[in-house]
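Let me begin by presenting the structure, written as structure tokens, before commenting on it.
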Amino acid sequence: MPKIERSIFGTIKNTTVERFQLENDQGMSISVMTYGATLLEVVVPDKTGRFENVVLGCATLAEYSAHSPYFGATIGRVGGRIRQGKWLNTQLTQNEGEQHIHGGVNAVSHRVWEVLKSDVENLSVTLGIVSPAGDNGYPGNLEMTVTYQLYADNHFEIITTGITDEATLFNPTNHSYFNLSGDLKETISEHQLEIGASQVALMDDSKCPTGVLAPVANTAFDFQVGQTLKAFTKKEPQGLDTPFPLNEGSDFAVRLTDNVSGRRMVIETDANAIVVFSTTGMNEPYLVNGTRPMVSELGIALEPQQLPDAIHHDHFGDIVLPAGRHKSYRSSYRFDTIKQN
Ligand code: G6D
């Protein structure tokens, strides 16, 4: 029988943070917590049927609040960078040099969300938060919800919604880092990455897009037929911290495959882009999942969202949310295994 287990993950500033573990009939489970509406764990079988966790996280709430690089977090109001934190006459928090990133300081990724619904029949949990007008400079009281839903066929969906009482910006994402080897046995360097994108957004030194969407054909950034991260970093040693506009009509955004464990994940999304961050060079002293220090390419963040800094580039899509209009984004993460070695 599908089940949901509800428990306490920790306490922060006198507020209890709850954890929900959703498990389907096949034994696949996902766990989420109310702090940051964060995806904590995704436990899926390898080709031999062994169940292991395939996302990066922290062992304790204190670590999530102290140093997590947004492991599994819901990012809002806007994912990625906004150049100089400027939107018309609105000045947003500049929390990375001159830029605004990931919704600002102590954004919804670092707050405790409310439990709106836990539904065992649909194997889903819905969390909600209100980001008040003026939050990190954004106008409008924005009500956000995030629903995590696990299905019997080993895929789960994340549905993020927003509604505001004054026009604001809305371009949320989930910031999970994946490692399909299982329980962080290996890095992701040998993972095969396919991206349904014939173009890549060029970036400048501030890591903001220049506005140019360049063809990937005949460049290192061509992931259309797939390549390993190792093959990519031979050509581009700095790794990926890169937005890819998704091909219209493509039936996938990303396919990530680990030939050793046999695990494969396919992400589909109704957002127009995927931001890929390969953690190349990210050697940090803290422990990931309480087991091993963060090392270069221990995980790969795959962030479905509208292209970053869209408000400064008309052809990147519209992320202005008018007052009273309900906006919803849906991403699906499907798991299976391949037989080959
Ligand atoms: C995002 O693009 C950014 C990275 O530059 C950042 O370091 C990370 O989040 C934490 O993916």
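Identifiers in the structure tokens: chain A, B, ... in order shown; residue index from 1 per chain; ligand index from 1 in order shown.
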Test item: residues at most 12 Å from Thr337 (chain A), only C-alpha atoms, excluding those fewer than 6 positions along its chain, as a count of residues only: 22
When you look at Ser118 (chain A) with a cut-off of 9 Å (counting only C-alpha atoms), what residues show up, excluding the ones that are within fewer than 5 positions of it in the same chain? I need them as a short mmCIF file (atom, residue, chain, number, x, y, z; two decimals) with N, CA, C and O atoms, in the first residue's frame.
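Saved file around-v8.cif follows:
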data_model
loop_
_atom_site.label_atom_id
_atom_site.label_comp_id
_atom_site.auth_asym_id
_atom_site.auth_seq_id
_atom_site.Cartn_x
_atom_site.Cartn_y
_atom_site.Cartn_z
N ILE A 4 2.32 7.47 3.51
CA ILE A 4 3.01 8.72 3.84
C ILE A 4 3.37 8.65 5.31
O ILE A 4 2.50 8.40 6.15
N PHE A 20 8.03 14.61 5.44
CA PHE A 20 7.04 13.67 4.90
C PHE A 20 7.78 12.70 3.99
O PHE A 20 8.51 13.12 3.09
N LEU A 123 -0.94 10.23 -2.95
CA LEU A 123 0.48 10.22 -2.58
C LEU A 123 1.11 11.59 -2.85
O LEU A 123 2.11 11.72 -3.59
N SER A 124 0.53 12.60 -2.25
CA SER A 124 1.03 13.95 -2.48
C SER A 124 1.03 14.77 -1.19
O SER A 124 0.26 14.50 -0.27
N VAL A 125 1.90 15.76 -1.19
CA VAL A 125 1.96 16.71 -0.08
C VAL A 125 2.01 18.10 -0.70
O VAL A 125 2.78 18.33 -1.65
N THR A 126 1.19 19.01 -0.18
CA THR A 126 1.22 20.38 -0.66
C THR A 126 1.63 21.31 0.46
O THR A 126 1.05 21.27 1.56
N LEU A 127 2.63 22.14 0.18
CA LEU A 127 3.13 23.10 1.16
C LEU A 127 2.85 24.51 0.63
O LEU A 127 2.81 24.71 -0.60
#
Distance query Asp241 (chain A) at most 9 Å, only C-alpha atoms, self and fewer than 2 positions along chain excluded, as an MDAnalysis selection string: chainID A and resid 207 238:239 243 275:280
List all protein, DNA and RNA residues that have at least one atom no more than 12 Å from any atom of ligand 1, counting only C-alpha atoms and all ligand atoms, and write them as an mmCIF file with N, CA and C atoms, in the first residue's frame.
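Once everything was written out, this is part.cif:
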data_model
loop_
_atom_site.group_PDB
_atom_site.id
_atom_site.type_symbol
_atom_site.label_atom_id
_atom_site.label_comp_id
_atom_site.auth_asym_id
_atom_site.auth_seq_id
_atom_site.Cartn_x
_atom_site.Cartn_y
_atom_site.Cartn_z
ATOM 1 N N HIS A 67 24.768 26.031 5.727
ATOM 2 C CA HIS A 67 25.643 26.057 4.558
ATOM 3 C C HIS A 67 25.138 25.320 3.322
ATOM 4 N N SER A 68 23.910 24.851 3.334
ATOM 5 C CA SER A 68 23.473 24.111 2.148
ATOM 6 C C SER A 68 23.465 24.999 0.904
ATOM 7 N N PRO A 69 24.059 24.534 -0.190
ATOM 8 C CA PRO A 69 23.990 25.310 -1.442
ATOM 9 C C PRO A 69 22.643 25.055 -2.144
ATOM 10 N N TYR A 70 21.572 25.295 -1.388
ATOM 11 C CA TYR A 70 20.203 25.110 -1.877
ATOM 12 C C TYR A 70 19.912 23.645 -2.221
ATOM 13 N N PHE A 71 20.512 22.689 -1.506
ATOM 14 C CA PHE A 71 20.215 21.276 -1.753
ATOM 15 C C PHE A 71 18.700 21.048 -1.735
ATOM 16 N N GLY A 72 18.132 20.645 -2.850
ATOM 17 C CA GLY A 72 16.714 20.248 -2.921
ATOM 18 C C GLY A 72 15.698 21.344 -2.689
ATOM 19 N N ALA A 73 16.165 22.583 -2.493
ATOM 20 C CA ALA A 73 15.253 23.640 -2.033
ATOM 21 C C ALA A 73 14.350 24.157 -3.147
ATOM 22 N N THR A 74 13.218 24.706 -2.721
ATOM 23 C CA THR A 74 12.376 25.469 -3.635
ATOM 24 C C THR A 74 12.925 26.886 -3.673
ATOM 25 N N ILE A 75 13.243 27.343 -4.873
ATOM 26 C CA ILE A 75 13.807 28.681 -5.039
ATOM 27 C C ILE A 75 12.706 29.626 -5.499
ATOM 28 N N VAL A 78 12.292 34.111 -7.671
ATOM 29 C CA VAL A 78 12.887 33.958 -8.990
ATOM 30 C C VAL A 78 14.192 33.179 -8.881
ATOM 31 N N GLY A 79 14.310 32.121 -9.671
ATOM 32 C CA GLY A 79 15.536 31.336 -9.686
ATOM 33 C C GLY A 79 16.599 31.981 -10.569
ATOM 34 N N GLY A 80 17.858 31.806 -10.165
ATOM 35 C CA GLY A 80 18.974 32.340 -10.957
ATOM 36 C C GLY A 80 19.207 33.818 -10.690
ATOM 37 N N ARG A 81 20.004 34.415 -11.566
ATOM 38 C CA ARG A 81 20.443 35.796 -11.333
ATOM 39 C C ARG A 81 19.582 36.817 -12.063
ATOM 40 N N ILE A 82 19.396 37.956 -11.429
ATOM 41 C CA ILE A 82 18.798 39.120 -12.087
ATOM 42 C C ILE A 82 19.867 40.204 -12.057
ATOM 43 N N ASN A 95 22.445 40.168 -3.617
ATOM 44 C CA ASN A 95 23.057 39.221 -2.667
ATOM 45 C C ASN A 95 24.169 38.380 -3.272
ATOM 46 N N GLU A 96 24.608 38.728 -4.485
ATOM 47 C CA GLU A 96 25.806 38.096 -5.050
ATOM 48 C C GLU A 96 26.521 39.179 -5.849
ATOM 49 N N GLN A 99 24.602 41.393 -8.286
ATOM 50 C CA GLN A 99 23.431 40.688 -8.825
ATOM 51 C C GLN A 99 22.500 40.226 -7.686
ATOM 52 N N HIS A 100 21.282 39.951 -8.106
ATOM 53 C CA HIS A 100 20.303 39.307 -7.226
ATOM 54 C C HIS A 100 20.287 37.835 -7.618
ATOM 55 N N ILE A 101 20.323 36.944 -6.624
ATOM 56 C CA ILE A 101 20.281 35.518 -6.976
ATOM 57 C C ILE A 101 19.300 34.758 -6.081
ATOM 58 N N HIS A 102 18.584 33.825 -6.726
ATOM 59 C CA HIS A 102 17.732 32.860 -6.027
ATOM 60 C C HIS A 102 16.776 33.511 -5.021
ATOM 61 N N GLY A 103 16.213 34.652 -5.406
ATOM 62 C CA GLY A 103 15.160 35.269 -4.588
ATOM 63 C C GLY A 103 15.671 36.120 -3.447
ATOM 64 N N SER A 109 13.375 29.688 0.140
ATOM 65 C CA SER A 109 14.210 28.485 0.268
ATOM 66 C C SER A 109 14.734 28.297 1.693
ATOM 67 N N THR A 173 12.013 27.574 -9.068
ATOM 68 C CA THR A 173 12.574 26.297 -9.507
ATOM 69 C C THR A 173 12.799 25.413 -8.291
ATOM 70 N N ASN A 174 13.055 24.160 -8.569
ATOM 71 C CA ASN A 174 13.544 23.256 -7.527
ATOM 72 C C ASN A 174 15.030 23.063 -7.768
ATOM 73 N N HIS A 175 15.808 23.113 -6.687
ATOM 74 C CA HIS A 175 17.271 23.110 -6.819
ATOM 75 C C HIS A 175 17.874 21.789 -6.320
ATOM 76 N N SER A 176 17.353 20.666 -6.806
ATOM 77 C CA SER A 176 17.916 19.369 -6.397
ATOM 78 C C SER A 176 19.187 19.051 -7.164
ATOM 79 N N TYR A 177 20.120 18.438 -6.448
ATOM 80 C CA TYR A 177 21.363 17.946 -7.037
ATOM 81 C C TYR A 177 21.245 16.427 -7.093
ATOM 82 N N MET A 203 26.889 33.454 -21.399
ATOM 83 C CA MET A 203 26.941 34.196 -20.127
ATOM 84 C C MET A 203 28.153 35.111 -20.130
ATOM 85 N N ASP A 205 30.952 37.453 -17.424
ATOM 86 C CA ASP A 205 31.691 37.130 -16.199
ATOM 87 C C ASP A 205 30.844 37.214 -14.932
ATOM 88 N N SER A 206 29.743 37.955 -14.991
ATOM 89 C CA SER A 206 28.867 38.063 -13.814
ATOM 90 C C SER A 206 27.956 36.837 -13.701
ATOM 91 N N LYS A 207 28.088 35.893 -14.615
ATOM 92 C CA LYS A 207 27.243 34.698 -14.709
ATOM 93 C C LYS A 207 25.800 35.039 -15.070
ATOM 94 N N CYS A 208 25.601 36.239 -15.621
ATOM 95 C CA CYS A 208 24.287 36.600 -16.157
ATOM 96 C C CYS A 208 24.318 36.366 -17.664
ATOM 97 N N PRO A 209 23.175 35.957 -18.221
ATOM 98 C CA PRO A 209 23.122 35.761 -19.674
ATOM 99 C C PRO A 209 23.355 37.068 -20.415
ATOM 100 N N GLN A 238 35.919 24.386 -16.586
ATOM 101 C CA GLN A 238 35.163 25.048 -15.503
ATOM 102 C C GLN A 238 33.822 24.361 -15.236
ATOM 103 N N GLY A 239 33.429 23.423 -16.092
ATOM 104 C CA GLY A 239 32.168 22.709 -15.875
ATOM 105 C C GLY A 239 30.964 23.524 -16.328
ATOM 106 N N LEU A 240 29.813 23.086 -15.874
ATOM 107 C CA LEU A 240 28.564 23.722 -16.311
ATOM 108 C C LEU A 240 27.938 24.542 -15.193
ATOM 109 N N ASP A 241 27.613 25.759 -15.492
ATOM 110 C CA ASP A 241 26.709 26.561 -14.662
ATOM 111 C C ASP A 241 25.942 27.379 -15.687
ATOM 112 N N THR A 242 25.055 26.681 -16.398
ATOM 113 C CA THR A 242 24.660 27.126 -17.732
ATOM 114 C C THR A 242 23.171 26.909 -17.993
ATOM 115 N N PRO A 243 22.480 27.929 -18.494
ATOM 116 C CA PRO A 243 21.080 27.752 -18.895
ATOM 117 C C PRO A 243 20.964 27.264 -20.344
ATOM 118 N N PHE A 244 20.112 26.289 -20.534
ATOM 119 C CA PHE A 244 19.826 25.772 -21.872
ATOM 120 C C PHE A 244 18.345 26.004 -22.183
ATOM 121 N N ILE A 274 16.382 24.731 -18.816
ATOM 122 C CA ILE A 274 16.947 23.995 -17.689
ATOM 123 C C ILE A 274 18.304 24.623 -17.402
ATOM 124 N N VAL A 275 18.534 24.937 -16.130
ATOM 125 C CA VAL A 275 19.851 25.447 -15.734
ATOM 126 C C VAL A 275 20.616 24.261 -15.157
ATOM 127 N N VAL A 276 21.812 24.056 -15.680
ATOM 128 C CA VAL A 276 22.598 22.894 -15.268
ATOM 129 C C VAL A 276 23.850 23.375 -14.544
ATOM 130 N N PHE A 277 24.021 22.893 -13.321
ATOM 131 C CA PHE A 277 25.155 23.311 -12.496
ATOM 132 C C PHE A 277 25.876 22.037 -12.052
ATOM 133 N N SER A 278 27.099 21.843 -12.574
ATOM 134 C CA SER A 278 27.762 20.535 -12.404
ATOM 135 C C SER A 278 28.636 20.438 -11.146
ATOM 136 N N THR A 279 28.672 21.478 -10.344
ATOM 137 C CA THR A 279 29.445 21.539 -9.083
ATOM 138 C C THR A 279 30.949 21.316 -9.316
ATOM 139 N N THR A 280 31.392 21.520 -10.550
ATOM 140 C CA THR A 280 32.808 21.324 -10.861
ATOM 141 C C THR A 280 33.675 22.289 -10.033
ATOM 142 N N GLY A 281 34.637 21.742 -9.329
ATOM 143 C CA GLY A 281 35.525 22.568 -8.506
ATOM 144 C C GLY A 281 34.966 22.906 -7.144
ATOM 145 N N MET A 282 33.804 22.371 -6.815
ATOM 146 C CA MET A 282 33.150 22.721 -5.544
ATOM 147 C C MET A 282 33.614 21.771 -4.439
ATOM 148 N N GLY A 299 27.574 16.041 -7.314
ATOM 149 C CA GLY A 299 26.178 16.045 -7.770
ATOM 150 C C GLY A 299 26.012 17.023 -8.908
ATOM 151 N N ILE A 300 24.875 16.918 -9.568
ATOM 152 C CA ILE A 300 24.567 17.854 -10.652
ATOM 153 C C ILE A 300 23.192 18.451 -10.386
ATOM 154 N N ALA A 301 23.162 19.790 -10.283
ATOM 155 C CA ALA A 301 21.878 20.459 -10.071
ATOM 156 C C ALA A 301 21.220 20.663 -11.430
ATOM 157 N N LEU A 302 19.958 20.278 -11.505
ATOM 158 C CA LEU A 302 19.184 20.407 -12.733
ATOM 159 C C LEU A 302 17.956 21.229 -12.380
ATOM 160 N N GLU A 303 17.914 22.455 -12.855
ATOM 161 C CA GLU A 303 16.919 23.415 -12.382
ATOM 162 C C GLU A 303 15.976 23.824 -13.512
ATOM 163 N N PRO A 304 14.767 23.229 -13.547
ATOM 164 C CA PRO A 304 13.808 23.617 -14.582
ATOM 165 C C PRO A 304 13.235 24.995 -14.241
ATOM 166 N N GLN A 305 13.315 25.917 -15.154
ATOM 167 C CA GLN A 305 12.776 27.260 -14.901
ATOM 168 C C GLN A 305 12.705 28.017 -16.220
ATOM 169 N N LEU A 307 14.112 30.925 -18.579
ATOM 170 C CA LEU A 307 15.509 31.372 -18.696
ATOM 171 C C LEU A 307 15.823 32.464 -17.672
ATOM 172 N N PRO A 308 16.992 32.382 -17.017
ATOM 173 C CA PRO A 308 17.347 33.385 -16.015
ATOM 174 C C PRO A 308 17.478 34.787 -16.604
ATOM 175 N N ASP A 309 17.203 35.758 -15.762
ATOM 176 C CA ASP A 309 17.275 37.178 -16.124
ATOM 177 C C ASP A 309 16.328 37.504 -17.283
#
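With distances restricted to only C-alpha atoms, A:Gly85 is the closest residue to Ile311 (chain A) from A:Gly85, A:Gly134, A:Pro172, A:Pro293.
Between CA of Leu287 (chain A) and CA of Gly182 (chain A) lies a distance of 16.1 Å.
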Members of region 72-284 of chain A assigned alpha helix (DSSP H) by DSSP, as number ranges by chain: A: 229-235
For the residues selected in the previous step, produce a file with all heavy atoms as a PDB file, in the first residue's frame.
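Produced file result.pdb, reproduced below:
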ATOM      1  N   LEU A 229      30.009  13.960 -18.236  1.00  0.00           N
ATOM      2  CA  LEU A 229      30.538  15.201 -17.687  1.00  0.00           C
ATOM      3  C   LEU A 229      32.053  15.243 -17.846  1.00  0.00           C
ATOM      4  O   LEU A 229      32.639  16.292 -18.087  1.00  0.00           O
ATOM      5  CB  LEU A 229      30.155  15.323 -16.204  1.00  0.00           C
ATOM      6  CG  LEU A 229      28.868  16.086 -15.891  1.00  0.00           C
ATOM      7  CD1 LEU A 229      28.904  17.490 -16.485  1.00  0.00           C
ATOM      8  CD2 LEU A 229      27.628  15.364 -16.382  1.00  0.00           C
ATOM      9  N   LYS A 230      32.659  14.061 -17.732  1.00  0.00           N
ATOM     10  CA  LYS A 230      34.107  13.975 -17.866  1.00  0.00           C
ATOM     11  C   LYS A 230      34.550  14.418 -19.271  1.00  0.00           C
ATOM     12  O   LYS A 230      35.513  15.178 -19.420  1.00  0.00           O
ATOM     13  CB  LYS A 230      34.519  12.526 -17.629  1.00  0.00           C
ATOM     14  CG  LYS A 230      35.968  12.318 -17.366  1.00  0.00           C
ATOM     15  CD  LYS A 230      36.124  10.874 -16.961  1.00  0.00           C
ATOM     16  CE  LYS A 230      37.562  10.456 -16.922  1.00  0.00           C
ATOM     17  NZ  LYS A 230      37.656   9.036 -16.569  1.00  0.00           N
ATOM     18  N   ALA A 231      33.824  13.963 -20.275  1.00  0.00           N
ATOM     19  CA  ALA A 231      34.147  14.352 -21.655  1.00  0.00           C
ATOM     20  C   ALA A 231      33.959  15.859 -21.822  1.00  0.00           C
ATOM     21  O   ALA A 231      34.761  16.533 -22.469  1.00  0.00           O
ATOM     22  CB  ALA A 231      33.260  13.590 -22.635  1.00  0.00           C
ATOM     23  N   PHE A 232      32.912  16.385 -21.197  1.00  0.00           N
ATOM     24  CA  PHE A 232      32.648  17.828 -21.320  1.00  0.00           C
ATOM     25  C   PHE A 232      33.755  18.651 -20.659  1.00  0.00           C
ATOM     26  O   PHE A 232      34.259  19.610 -21.242  1.00  0.00           O
ATOM     27  CB  PHE A 232      31.287  18.174 -20.699  1.00  0.00           C
ATOM     28  CG  PHE A 232      31.023  19.655 -20.682  1.00  0.00           C
ATOM     29  CD1 PHE A 232      30.628  20.311 -21.841  1.00  0.00           C
ATOM     30  CD2 PHE A 232      31.214  20.402 -19.522  1.00  0.00           C
ATOM     31  CE1 PHE A 232      30.410  21.693 -21.840  1.00  0.00           C
ATOM     32  CE2 PHE A 232      31.007  21.778 -19.517  1.00  0.00           C
ATOM     33  CZ  PHE A 232      30.598  22.426 -20.683  1.00  0.00           C
ATOM     34  N   THR A 233      34.143  18.257 -19.435  1.00  0.00           N
ATOM     35  CA  THR A 233      35.116  19.097 -18.713  1.00  0.00           C
ATOM     36  C   THR A 233      36.529  18.988 -19.302  1.00  0.00           C
ATOM     37  O   THR A 233      37.369  19.826 -19.008  1.00  0.00           O
ATOM     38  CB  THR A 233      35.142  18.782 -17.197  1.00  0.00           C
ATOM     39  OG1 THR A 233      35.230  17.377 -17.027  1.00  0.00           O
ATOM     40  CG2 THR A 233      33.921  19.308 -16.499  1.00  0.00           C
ATOM     41  N   LYS A 234      36.745  17.977 -20.119  1.00  0.00           N
ATOM     42  CA  LYS A 234      38.016  17.952 -20.866  1.00  0.00           C
ATOM     43  C   LYS A 234      38.077  19.156 -21.805  1.00  0.00           C
ATOM     44  O   LYS A 234      39.120  19.740 -22.031  1.00  0.00           O
ATOM     45  CB  LYS A 234      38.120  16.663 -21.693  1.00  0.00           C
ATOM     46  CG  LYS A 234      38.838  15.579 -20.948  1.00  0.00           C
ATOM     47  CD  LYS A 234      39.339  14.487 -21.878  1.00  0.00           C
ATOM     48  CE  LYS A 234      39.882  13.369 -21.004  1.00  0.00           C
ATOM     49  NZ  LYS A 234      39.359  12.076 -21.383  1.00  0.00           N
ATOM     50  N   LYS A 235      36.905  19.503 -22.356  1.00  0.00           N
ATOM     51  CA  LYS A 235      36.843  20.629 -23.307  1.00  0.00           C
ATOM     52  C   LYS A 235      36.599  21.956 -22.583  1.00  0.00           C
ATOM     53  O   LYS A 235      37.082  22.999 -22.978  1.00  0.00           O
ATOM     54  CB  LYS A 235      35.708  20.380 -24.322  1.00  0.00           C
ATOM     55  CG  LYS A 235      35.934  19.146 -25.196  1.00  0.00           C
ATOM     56  CD  LYS A 235      34.695  18.760 -26.005  1.00  0.00           C
ATOM     57  CE  LYS A 235      33.783  17.818 -25.245  1.00  0.00           C
ATOM     58  NZ  LYS A 235      32.648  17.280 -25.975  1.00  0.00           N
TER      59      LYS A 235
END
Long-range neighbours of region 34-36 of chain A as a list in words, 6 Å cut-off, only C-alpha atoms, 5 positions minimum in chain: Val17, Glu18, Ala73, Thr74, Val108, Ser109, His110, Arg111, Val112 and Trp113 of chain A
Contacts of Ile12 (chain A) at 8 Å (only C-alpha atoms; same-chain gap of 3+ positions) as a ChimeraX atom specification: /A:15-17,61-62
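Using only C-alpha atoms for every distance, the candidate list A:Asp318, A:Glu284, A:Glu236, A:Asp336 yields A:Asp336 as the residue closest to Arg255 (chain A).
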Residues flagged strand (DSSP E or B) by DSSP in region 86-259 of chain A, as a ChimeraX atom specification: /A:86-87,90-91,96,99-101,112,114-119,124-131,142-150,155-164,168-169,171,173-175,177-178,192-195,199-203,209-215,227-228,241-245,254-257
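The shortest atom-to-atom distance to Gln21 (chain A), with only C-alpha atoms taken into account, belongs to A:Leu150 out of A:Leu150, A:Leu202, A:Leu116, A:Val216.
Distance check against Met144 (chain A) using only C-alpha atoms: of A:Thr187, A:Thr219, A:Asn122, A:Ser328, the minimum falls on A:Ser328.
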Top pick for closest residue to Val288 (chain A), considering A:Gly104, A:Gly57, A:Gly196, A:Gly128 and counting only C-alpha atoms: A:Gly57
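Using only C-alpha atoms, the nearest neighbour of Arg292 (chain A) within the list A:Leu184, A:Val130, A:Ala152, A:Ile267 is A:Leu184.
Taking CA of Ala220 (chain A) as the reference point, CA of Ser296 (chain A) is found at 19.4 Å.
In this structure, CA of Gln227 (chain A) sits 21.9 Å away from CA of Gly249 (chain A).
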